[in-house]
file model13.pdb (PDB, C-alpha atoms)
ATOM      1  CA  MET A   1     -38.504  67.808  -1.168
ATOM      2  CA  PHE A   2     -38.912  69.178   2.339
ATOM      3  CA  ARG A   3     -37.765  66.523   4.802
ATOM      4  CA  CYS A   4     -39.438  67.062   8.164
ATOM      5  CA  PHE A   5     -36.878  65.973  10.701
ATOM      6  CA  ALA A   6     -39.316  65.676  13.591
ATOM      7  CA  PHE A   7     -41.132  62.857  11.805
ATOM      8  CA  PRO A   8     -40.084  60.114   9.358
ATOM      9  CA  CYS A   9     -42.207  61.551   6.595
ATOM     10  CA  SER A  10     -42.102  64.409   4.122
ATOM     11  CA  SER A  11     -44.168  67.152   2.539
ATOM     12  CA  PHE A  12     -43.572  69.170  -0.585
ATOM     13  CA  SER A  13     -41.211  72.085  -0.506
ATOM     14  CA  THR A  14     -43.378  75.144  -1.079
ATOM     15  CA  SER A  15     -46.768  75.978   0.347
ATOM     16  CA  ALA A  16     -49.909  75.295  -1.624
ATOM     17  CA  SER A  17     -50.546  79.001  -1.509
ATOM     18  CA  ARG A  18     -47.413  79.556  -3.566
ATOM     19  CA  CYS A  19     -48.276  76.944  -6.161
ATOM     20  CA  ALA A  20     -50.635  77.857  -8.965
ATOM     21  CA  ALA A  21     -53.892  76.192  -8.058
ATOM     22  CA  LYS A  22     -55.020  76.484 -11.644
ATOM     23  CA  LYS A  23     -52.233  74.065 -12.555
ATOM     24  CA  LEU A  24     -52.668  71.576  -9.737
ATOM     25  CA  ARG A  25     -56.433  71.386 -10.086
ATOM     26  CA  GLN A  26     -56.074  70.091 -13.656
ATOM     27  CA  SER A  27     -54.326  66.977 -12.378
ATOM     28  CA  ILE A  28     -56.601  66.651  -9.338
ATOM     29  CA  ASN A  29     -59.675  66.709 -11.592
ATOM     30  CA  ASN A  30     -58.964  63.237 -12.929
ATOM     31  CA  LEU A  31     -57.725  61.791  -9.658
ATOM     32  CA  SER A  32     -60.147  62.636  -6.891
ATOM     33  CA  ASN A  33     -63.522  60.917  -7.112
ATOM     34  CA  VAL A  34     -63.795  59.527  -3.579
ATOM     35  CA  PRO A  35     -66.632  57.792  -1.708
ATOM     36  CA  PRO A  36     -68.280  60.528   0.415
ATOM     37  CA  LYS A  37     -69.701  58.337   3.180
ATOM     38  CA  GLN A  38     -66.475  56.803   4.455
ATOM     39  CA  GLN A  39     -66.131  57.344   8.229
ATOM     40  CA  PHE A  40     -63.213  59.201   9.823
ATOM     41  CA  TRP A  41     -62.572  59.652  13.535
ATOM     42  CA  MET A  42     -60.688  62.073  15.759
ATOM     43  CA  ASN A  43     -57.085  61.109  16.557
ATOM     44  CA  LYS A  44     -57.079  58.619  13.675
ATOM     45  CA  PRO A  45     -56.182  60.738  10.644
ATOM     46  CA  LYS A  46     -56.038  58.643   7.511
ATOM     47  CA  PRO A  47     -55.702  59.369   3.794
ATOM     48  CA  PHE A  48     -58.109  57.711   1.416
ATOM     49  CA  MET A  49     -57.851  56.648  -2.193
ATOM     50  CA  PRO A  50     -59.969  57.803  -5.116
ATOM     51  CA  THR A  51     -61.780  54.897  -6.746
ATOM     52  CA  ASN A  52     -62.853  56.177 -10.180
ATOM     53  CA  PHE A  53     -60.525  57.765 -12.705
ATOM     54  CA  ALA A  54     -60.805  59.213 -16.178
ATOM     55  CA  PRO A  55     -59.014  57.193 -18.888
ATOM     56  CA  LEU A  56     -55.349  58.080 -19.274
ATOM     57  CA  GLY A  57     -54.942  60.987 -21.655
ATOM     58  CA  SER A  58     -58.585  62.003 -21.347
ATOM     59  CA  SER A  59     -59.427  65.674 -20.822
ATOM     60  CA  LYS A  60     -63.068  64.950 -20.003
ATOM     61  CA  PRO A  61     -63.942  65.930 -16.405
ATOM     62  CA  VAL A  62     -64.927  63.152 -14.022
ATOM     63  CA  ALA A  63     -68.088  63.532 -11.947
ATOM     64  CA  GLN A  64     -67.042  64.480  -8.421
ATOM     65  CA  ASP A  65     -68.463  63.430  -5.066
ATOM     66  CA  PHE A  66     -66.886  66.477  -3.417
ATOM     67  CA  ASP A  67     -68.147  70.024  -3.862
ATOM     68  CA  TYR A  68     -64.795  71.511  -2.835
ATOM     69  CA  LEU A  69     -61.187  70.364  -2.827
ATOM     70  CA  LEU A  70     -59.041  72.305  -0.359
ATOM     71  CA  VAL A  71     -55.398  72.268  -1.460
ATOM     72  CA  LEU A  72     -53.203  72.457   1.630
ATOM     73  CA  ASP A  73     -49.503  72.485   2.497
ATOM     74  CA  PHE A  74     -47.987  73.458   5.840
ATOM     75  CA  GLU A  75     -44.517  74.753   6.582
ATOM     76  CA  ALA A  76     -43.034  73.992   9.991
ATOM     77  CA  THR A  77     -40.100  74.701  12.279
ATOM     78  CA  CYS A  78     -36.995  72.639  11.564
ATOM     79  CA  ILE A  79     -33.262  72.386  12.122
ATOM     80  CA  GLU A  80     -30.585  71.025   9.830
ATOM     81  CA  ASN A  81     -29.675  67.331   9.998
ATOM     82  CA  ASP A  82     -31.532  66.648  13.235
ATOM     83  CA  LYS A  83     -34.954  66.451  14.866
ATOM     84  CA  ILE A  84     -36.347  69.593  16.412
ATOM     85  CA  GLN A  85     -37.453  68.898  19.972
ATOM     86  CA  PRO A  86     -39.845  68.452  21.636
ATOM     87  CA  VAL A  87     -42.304  69.063  18.780
ATOM     88  CA  GLN A  88     -42.288  70.470  15.265
ATOM     89  CA  GLU A  89     -44.591  73.492  14.971
ATOM     90  CA  ILE A  90     -46.567  74.698  11.958
ATOM     91  CA  ILE A  91     -45.527  78.211  10.910
ATOM     92  CA  GLU A  92     -47.538  78.644   7.708
ATOM     93  CA  PHE A  93     -51.145  77.530   7.150
ATOM     94  CA  PRO A  94     -52.219  78.000   3.496
ATOM     95  CA  VAL A  95     -55.337  76.588   1.825
ATOM     96  CA  ILE A  96     -56.803  77.194  -1.635
ATOM     97  CA  ALA A  97     -60.455  76.254  -2.187
ATOM     98  CA  ILE A  98     -61.364  74.817  -5.590
ATOM     99  CA  ASN A  99     -65.008  74.394  -6.536
ATOM    100  CA  THR A 100     -65.323  71.163  -8.535
ATOM    101  CA  ASP A 101     -68.330  72.567 -10.396
ATOM    102  CA  GLY A 102     -66.295  74.397 -13.018
ATOM    103  CA  TRP A 103     -62.893  73.892 -11.352
ATOM    104  CA  LYS A 104     -62.515  77.484 -10.238
ATOM    105  CA  GLU A 105     -60.386  78.825  -7.403
ATOM    106  CA  THR A 106     -62.961  80.449  -5.136
ATOM    107  CA  ALA A 107     -61.174  81.430  -1.908
ATOM    108  CA  ILE A 108     -57.759  81.521  -0.244
ATOM    109  CA  PHE A 109     -56.895  81.152   3.432
ATOM    110  CA  HIS A 110     -53.363  82.093   4.423
ATOM    111  CA  GLN A 111     -51.871  82.831   7.821
ATOM    112  CA  TYR A 112     -48.448  82.631   9.391
ATOM    113  CA  VAL A 113     -48.466  80.823  12.728
ATOM    114  CA  LYS A 114     -46.503  81.862  15.811
ATOM    115  CA  PRO A 115     -44.494  78.948  17.274
ATOM    116  CA  THR A 116     -44.589  78.891  21.068
ATOM    117  CA  VAL A 117     -42.279  76.002  22.008
ATOM    118  CA  ASN A 118     -39.344  77.043  19.809
ATOM    119  CA  PRO A 119     -40.305  80.641  18.965
ATOM    120  CA  ILE A 120     -37.031  81.577  17.215
ATOM    121  CA  LEU A 121     -36.686  80.263  13.660
ATOM    122  CA  THR A 122     -33.369  78.728  12.695
ATOM    123  CA  THR A 123     -31.385  80.105   9.782
ATOM    124  CA  TYR A 124     -31.898  76.753   8.088
ATOM    125  CA  CYS A 125     -35.679  77.005   8.480
ATOM    126  CA  THR A 126     -35.756  80.487   6.957
ATOM    127  CA  SER A 127     -33.567  79.466   4.025
ATOM    128  CA  LEU A 128     -35.717  76.394   3.389
ATOM    129  CA  THR A 129     -39.167  77.987   3.679
ATOM    130  CA  GLY A 130     -38.556  81.669   2.926
ATOM    131  CA  ILE A 131     -40.343  82.534   6.179
ATOM    132  CA  ILE A 132     -38.585  85.135   8.328
ATOM    133  CA  GLN A 133     -38.865  85.763  12.064
ATOM    134  CA  GLU A 134     -41.021  88.878  11.700
ATOM    135  CA  MET A 135     -43.695  86.910   9.817
ATOM    136  CA  VAL A 136     -44.251  84.436  12.640
ATOM    137  CA  ASP A 137     -43.815  87.034  15.386
ATOM    138  CA  ASN A 138     -46.786  88.883  13.883
ATOM    139  CA  GLY A 139     -48.783  85.681  13.459
ATOM    140  CA  LYS A 140     -51.348  84.041  15.703
ATOM    141  CA  THR A 141     -50.980  80.853  17.718
ATOM    142  CA  LEU A 142     -52.083  77.555  16.193
ATOM    143  CA  SER A 143     -55.294  77.409  18.229
ATOM    144  CA  GLU A 144     -56.214  80.923  17.069
ATOM    145  CA  VAL A 145     -55.442  80.097  13.436
ATOM    146  CA  LEU A 146     -57.616  76.978  13.614
ATOM    147  CA  GLU A 147     -60.477  79.130  14.905
ATOM    148  CA  ASP A 148     -59.934  81.608  12.053
ATOM    149  CA  PHE A 149     -59.856  78.764   9.547
ATOM    150  CA  ASP A 150     -63.146  77.389  10.837
ATOM    151  CA  PHE A 151     -64.683  80.861  10.473
ATOM    152  CA  TRP A 152     -63.258  81.073   6.921
ATOM    153  CA  LEU A 153     -64.981  77.796   6.014
ATOM    154  CA  GLU A 154     -68.264  79.178   7.343
ATOM    155  CA  GLU A 155     -67.821  82.583   5.712
ATOM    156  CA  ASN A 156     -67.183  81.033   2.298
ATOM    157  CA  GLN A 157     -70.075  78.571   2.702
ATOM    158  CA  ILE A 158     -67.759  75.576   2.415
ATOM    159  CA  LYS A 159     -68.279  73.974   5.809
ATOM    160  CA  GLN A 160     -71.852  72.934   5.012
ATOM    161  CA  THR A 161     -70.795  71.245   1.752
ATOM    162  CA  ASN A 162     -69.090  67.949   1.015
ATOM    163  CA  PHE A 163     -65.388  68.839   0.957
ATOM    164  CA  THR A 164     -62.006  67.296   1.560
ATOM    165  CA  PHE A 165     -58.359  68.319   1.587
ATOM    166  CA  VAL A 166     -55.729  67.562  -1.041
ATOM    167  CA  SER A 167     -52.028  67.395  -0.209
ATOM    168  CA  CYS A 168     -48.874  66.268  -1.964
ATOM    169  CA  GLY A 169     -47.993  63.749   0.745
ATOM    170  CA  ASP A 170     -49.401  62.566   4.077
ATOM    171  CA  TRP A 171     -47.145  64.517   6.445
ATOM    172  CA  ASP A 172     -49.327  67.614   6.855
ATOM    173  CA  LEU A 173     -52.493  66.010   8.225
ATOM    174  CA  GLN A 174     -51.237  62.609   9.322
ATOM    175  CA  LEU A 175     -48.277  63.783  11.404
ATOM    176  CA  ALA A 176     -47.642  67.527  11.627
ATOM    177  CA  LEU A 177     -51.011  68.855  12.753
ATOM    178  CA  PRO A 178     -52.080  65.891  14.952
ATOM    179  CA  SER A 179     -48.702  65.793  16.725
ATOM    180  CA  GLU A 180     -48.689  69.507  17.490
ATOM    181  CA  CYS A 181     -52.321  69.497  18.592
ATOM    182  CA  GLN A 182     -51.643  66.577  20.913
ATOM    183  CA  ALA A 183     -48.543  68.232  22.383
ATOM    184  CA  LYS A 184     -50.405  71.497  22.999
ATOM    185  CA  GLU A 185     -53.725  69.900  24.003
ATOM    186  CA  ILE A 186     -55.581  71.562  21.133
ATOM    187  CA  GLU A 187     -58.767  69.946  19.860
ATOM    188  CA  MET A 188     -58.332  69.165  16.170
ATOM    189  CA  PRO A 189     -61.476  69.472  14.017
ATOM    190  CA  GLU A 190     -62.633  66.150  12.614
ATOM    191  CA  TYR A 191     -62.738  67.565   9.081
ATOM    192  CA  LEU A 192     -58.935  67.860   9.231
ATOM    193  CA  THR A 193     -58.574  64.092   9.653
ATOM    194  CA  LYS A 194     -59.372  63.184   6.036
ATOM    195  CA  TRP A 195     -57.549  64.050   2.851
ATOM    196  CA  ILE A 196     -56.405  62.866  -0.570
ATOM    197  CA  ASN A 197     -52.679  62.332  -1.113
ATOM    198  CA  VAL A 198     -52.436  63.341  -4.762
ATOM    199  CA  LYS A 199     -49.167  61.413  -5.236
ATOM    200  CA  LYS A 200     -50.813  58.154  -4.159
ATOM    201  CA  ALA A 201     -53.861  58.902  -6.300
ATOM    202  CA  TYR A 202     -51.606  59.467  -9.312
ATOM    203  CA  ALA A 203     -49.758  56.209  -8.608
ATOM    204  CA  GLU A 204     -53.040  54.308  -8.319
ATOM    205  CA  HIS A 205     -54.090  55.746 -11.668
ATOM    206  CA  THR A 206     -50.843  55.292 -13.609
ATOM    207  CA  GLY A 207     -48.774  52.711 -11.729
ATOM    208  CA  GLU A 208     -45.953  55.256 -11.287
ATOM    209  CA  PHE A 209     -45.245  57.066  -8.010
ATOM    210  CA  PRO A 210     -44.062  60.691  -8.438
ATOM    211  CA  LYS A 211     -41.093  61.848  -6.372
ATOM    212  CA  GLY A 212     -42.670  65.161  -5.421
ATOM    213  CA  LEU A 213     -44.793  68.074  -6.601
ATOM    214  CA  LYS A 214     -42.492  69.198  -9.413
ATOM    215  CA  ASP A 215     -42.169  65.632 -10.693
ATOM    216  CA  LEU A 216     -45.947  65.177 -10.497
ATOM    217  CA  LEU A 217     -46.590  68.368 -12.471
ATOM    218  CA  ALA A 218     -43.994  67.403 -15.077
ATOM    219  CA  ARG A 219     -45.666  64.014 -15.542
ATOM    220  CA  CYS A 220     -48.959  65.860 -16.129
ATOM    221  CA  ASN A 221     -47.286  68.297 -18.562
ATOM    222  CA  LEU A 222     -47.941  71.188 -16.189
ATOM    223  CA  THR A 223     -45.628  74.057 -15.273
ATOM    224  CA  PHE A 224     -44.578  74.762 -11.690
ATOM    225  CA  GLU A 225     -45.472  78.321 -10.705
ATOM    226  CA  VAL A 226     -44.782  80.341  -7.566
ATOM    227  CA  ARG A 227     -47.258  82.681  -5.916
ATOM    228  CA  SER A 228     -46.293  85.246  -3.309
ATOM    229  CA  PHE A 229     -48.633  87.107  -0.959
TER     230      PHE A 229
END
call {"tool": "encode", "arguments": {"input": "model13.pdb", "output": "structure tokens"}}
result
Amino acid sequence: MFRCFAFPCSSFSTSASRCAAKKLRQSINNLSNVPPKQQFWMNKPKPFMPTNFAPLGSSKPVAQDFDYLLVLDFEATCIENDKIQPVQEIIEFPVIAINTDGWKETAIFHQYVKPTVNPILTTYCTSLTGIIQEMVDNGKTLSEVLEDFDFWLEENQIKQTNFTFVSCGDWDLQLALPSECQAKEIEMPEYLTKWINVKKAYAEHTGEFPKGLKDLLARCNLTFEVRSF
């Protein structure tokens, strides 16, 4: 599990872009029927809990309130055994769009992000994430990537639908992105303030809290796969 030293929270160790969405979506299918009219506000990011689940062991799809689930996992700057100061910066921004009508992967957004406060990656960060200095040097700043992501949502006709994000933990959208946006005075889109923590959804459904992504997949009899770009 990737421990994010800038914040007392964690995210899973590899980006969603590297995980096989076809595997993760099978577990999400039975865990993510969420009320669509719940209100969310800027600067108050908050995960929410699915309310209806398929019976345990059932392979029958559950009717979904969301048209798209956007599987997301950031990677960020870090140092070993300490907090990186003054702010942890996102260096990889990957999202896989899954259409819940048929559970098909329909689009992928992936960009490396150039850190501007601590622009040089530590050896520890590279060994942990697999991201090298050249990747982020050739990337765009966070504000530019957020603009590109908004265009991607429009281009793929997702922004006008009812969608939400899915993450394996709360760190990405509860701490990492809001903290960096606040530090850099970047306006964070409201749609990035709501998400489903699939670990909490699984625990609500089964009464058992998975330790991380690999543990969650194992409990669902799914195989962990790695995708490279």
call {"tool": "closest_residue", "arguments": {"input": "model13.pdb", "among": "A:Ile98, A:Val87, A:Ile186, A:Leu175", "to": "Ser143 (chain A)", "atoms": "all atoms listed in the file"}}
result
A:Ile186
call {"tool": "atom_distance", "arguments": {"input": "model13.pdb", "atom1": "CA of Cys181 (chain A)", "atom2": "CA of Val113 (chain A)"}}
result
13.3 Å
call {"tool": "closest_residue", "arguments": {"input": "model13.pdb", "among": "A:Asn197, A:Leu70, A:Thr77, A:Gly139", "to": "Thr126 (chain A)", "atoms": "only C-alpha atoms"}}
result
A:Thr77
call {"tool": "residues_near_point", "arguments": {"input": "model13.pdb", "point": "(-70.2, 66.4, -14.6)", "cutoff": "10 Å", "atoms": "all atoms listed in the file", "output": "JSON, numbers by chain"}}
result
{"A": [60, 61, 62, 63, 64, 100, 101, 102]}
call {"tool": "atom_distance", "arguments": {"input": "model13.pdb", "atom1": "CA of Trp171 (chain A)", "atom2": "CA of Leu128 (chain A)"}}
result
16.8 Å
call {"tool": "closest_residue", "arguments": {"input": "model13.pdb", "among": "A:Cys220, A:Ala176, A:Cys168, A:Leu153", "to": "Trp195 (chain A)", "atoms": "only C-alpha atoms"}}
result
A:Cys168
call {"tool": "atom_distance", "arguments": {"input": "model13.pdb", "atom1": "CA of Ala107 (chain A)", "atom2": "CA of Asp215 (chain A)"}}
result
26.2 Å
call {"tool": "closest_residue", "arguments": {"input": "model13.pdb", "among": "A:Ile96, A:Phe66, A:Leu222, A:Pro115", "to": "Asn156 (chain A)", "atoms": "all atoms listed in the file"}}
result
A:Ile96
call {"tool": "closest_atom_pairs", "arguments": {"input": "model13.pdb", "of": "region 125-188 of chain A", "to": "region 89-95 of chain A", "cutoff": "8 Å", "atoms": "only C-alpha atoms", "output": "tab-separated table"}}
result
residue	atom	partner	partner_atom	distance
A:Val136	CA	A:Ile91	CA	6.6
A:Leu142	CA	A:Ile90	CA	7.5
A:Ala176	CA	A:Ile90	CA	7.3
A:Leu177	CA	A:Ile90	CA	7.4
A:Glu180	CA	A:Glu89	CA	6.2
call {"tool": "resolve_selection", "arguments": {"input": "model13.pdb", "expression": "the PyMOL selection byres ((chain A and resi 138) around 10)", "output": "VMD selection string"}}
result
chain A and resid 111 to 114 133 to 137 139 to 141
call {"tool": "closest_residue", "arguments": {"input": "model13.pdb", "among": "A:Gly169, A:Asp65, A:Lys194, A:Pro47", "to": "Lys211 (chain A)", "atoms": "all atoms listed in the file"}}
result
A:Gly169
call {"tool": "residues_around", "arguments": {"input": "model13.pdb", "residues": "Phe209 (chain A)", "least_positions_apart": "6", "cutoff": "9 Å", "atoms": "all atoms listed in the file", "output": "mmCIF file with C-alpha atoms, in the frame of the given file"}}
result
data_model
loop_
_atom_site.group_PDB
_atom_site.id
_atom_site.type_symbol
_atom_site.label_atom_id
_atom_site.label_comp_id
_atom_site.auth_asym_id
_atom_site.auth_seq_id
_atom_site.Cartn_x
_atom_site.Cartn_y
_atom_site.Cartn_z
ATOM 1 C CA LYS A 199 -49.167 61.413 -5.236
ATOM 2 C CA LYS A 200 -50.813 58.154 -4.159
ATOM 3 C CA ALA A 201 -53.861 58.902 -6.300
ATOM 4 C CA TYR A 202 -51.606 59.467 -9.312
ATOM 5 C CA ALA A 203 -49.758 56.209 -8.608
ATOM 6 C CA LEU A 216 -45.947 65.177 -10.497
#
call {"tool": "resolve_selection", "arguments": {"input": "model13.pdb", "expression": "the PyMOL selection byres ((chain A and resi 121) around 8)", "output": "mmCIF file with C-alpha atoms, keeping the file's coordinate frame"}}
result
data_model
loop_
_atom_site.group_PDB
_atom_site.id
_atom_site.type_symbol
_atom_site.label_atom_id
_atom_site.label_comp_id
_atom_site.auth_asym_id
_atom_site.auth_seq_id
_atom_site.Cartn_x
_atom_site.Cartn_y
_atom_site.Cartn_z
ATOM 1 C CA THR A 77 -40.100 74.701 12.279
ATOM 2 C CA CYS A 78 -36.995 72.639 11.564
ATOM 3 C CA ASN A 118 -39.344 77.043 19.809
ATOM 4 C CA PRO A 119 -40.305 80.641 18.965
ATOM 5 C CA ILE A 120 -37.031 81.577 17.215
ATOM 6 C CA THR A 122 -33.369 78.728 12.695
ATOM 7 C CA THR A 123 -31.385 80.105 9.782
ATOM 8 C CA CYS A 125 -35.679 77.005 8.480
ATOM 9 C CA THR A 126 -35.756 80.487 6.957
ATOM 10 C CA ILE A 132 -38.585 85.135 8.328
ATOM 11 C CA GLN A 133 -38.865 85.763 12.064
#
call {"tool": "resolve_selection", "arguments": {"input": "model13.pdb", "expression": "the PyMOL selection byres ((chain A and resi 167) around 7)", "output": "list in words"}}
result
Val71, Leu72, Asp73, Phe165, Val166, Cys168, Gly169, Asp170, Ile196, Asn197 and Val198 of chain A
call {"tool": "write_last_selection", "arguments": {"input": "model13.pdb", "atoms": "C-alpha atoms", "output": "PDB file, in the coordinates of the input"}}
result
ATOM      1  CA  VAL A  71     -55.398  72.268  -1.460  1.00  0.00           C
ATOM      2  CA  LEU A  72     -53.203  72.457   1.630  1.00  0.00           C
ATOM      3  CA  ASP A  73     -49.503  72.485   2.497  1.00  0.00           C
ATOM      4  CA  PHE A 165     -58.359  68.319   1.587  1.00  0.00           C
ATOM      5  CA  VAL A 166     -55.729  67.562  -1.041  1.00  0.00           C
ATOM      6  CA  CYS A 168     -48.874  66.268  -1.964  1.00  0.00           C
ATOM      7  CA  GLY A 169     -47.993  63.749   0.745  1.00  0.00           C
ATOM      8  CA  ASP A 170     -49.401  62.566   4.077  1.00  0.00           C
ATOM      9  CA  ILE A 196     -56.405  62.866  -0.570  1.00  0.00           C
ATOM     10  CA  ASN A 197     -52.679  62.332  -1.113  1.00  0.00           C
ATOM     11  CA  VAL A 198     -52.436  63.341  -4.762  1.00  0.00           C
TER      12      VAL A 198
END
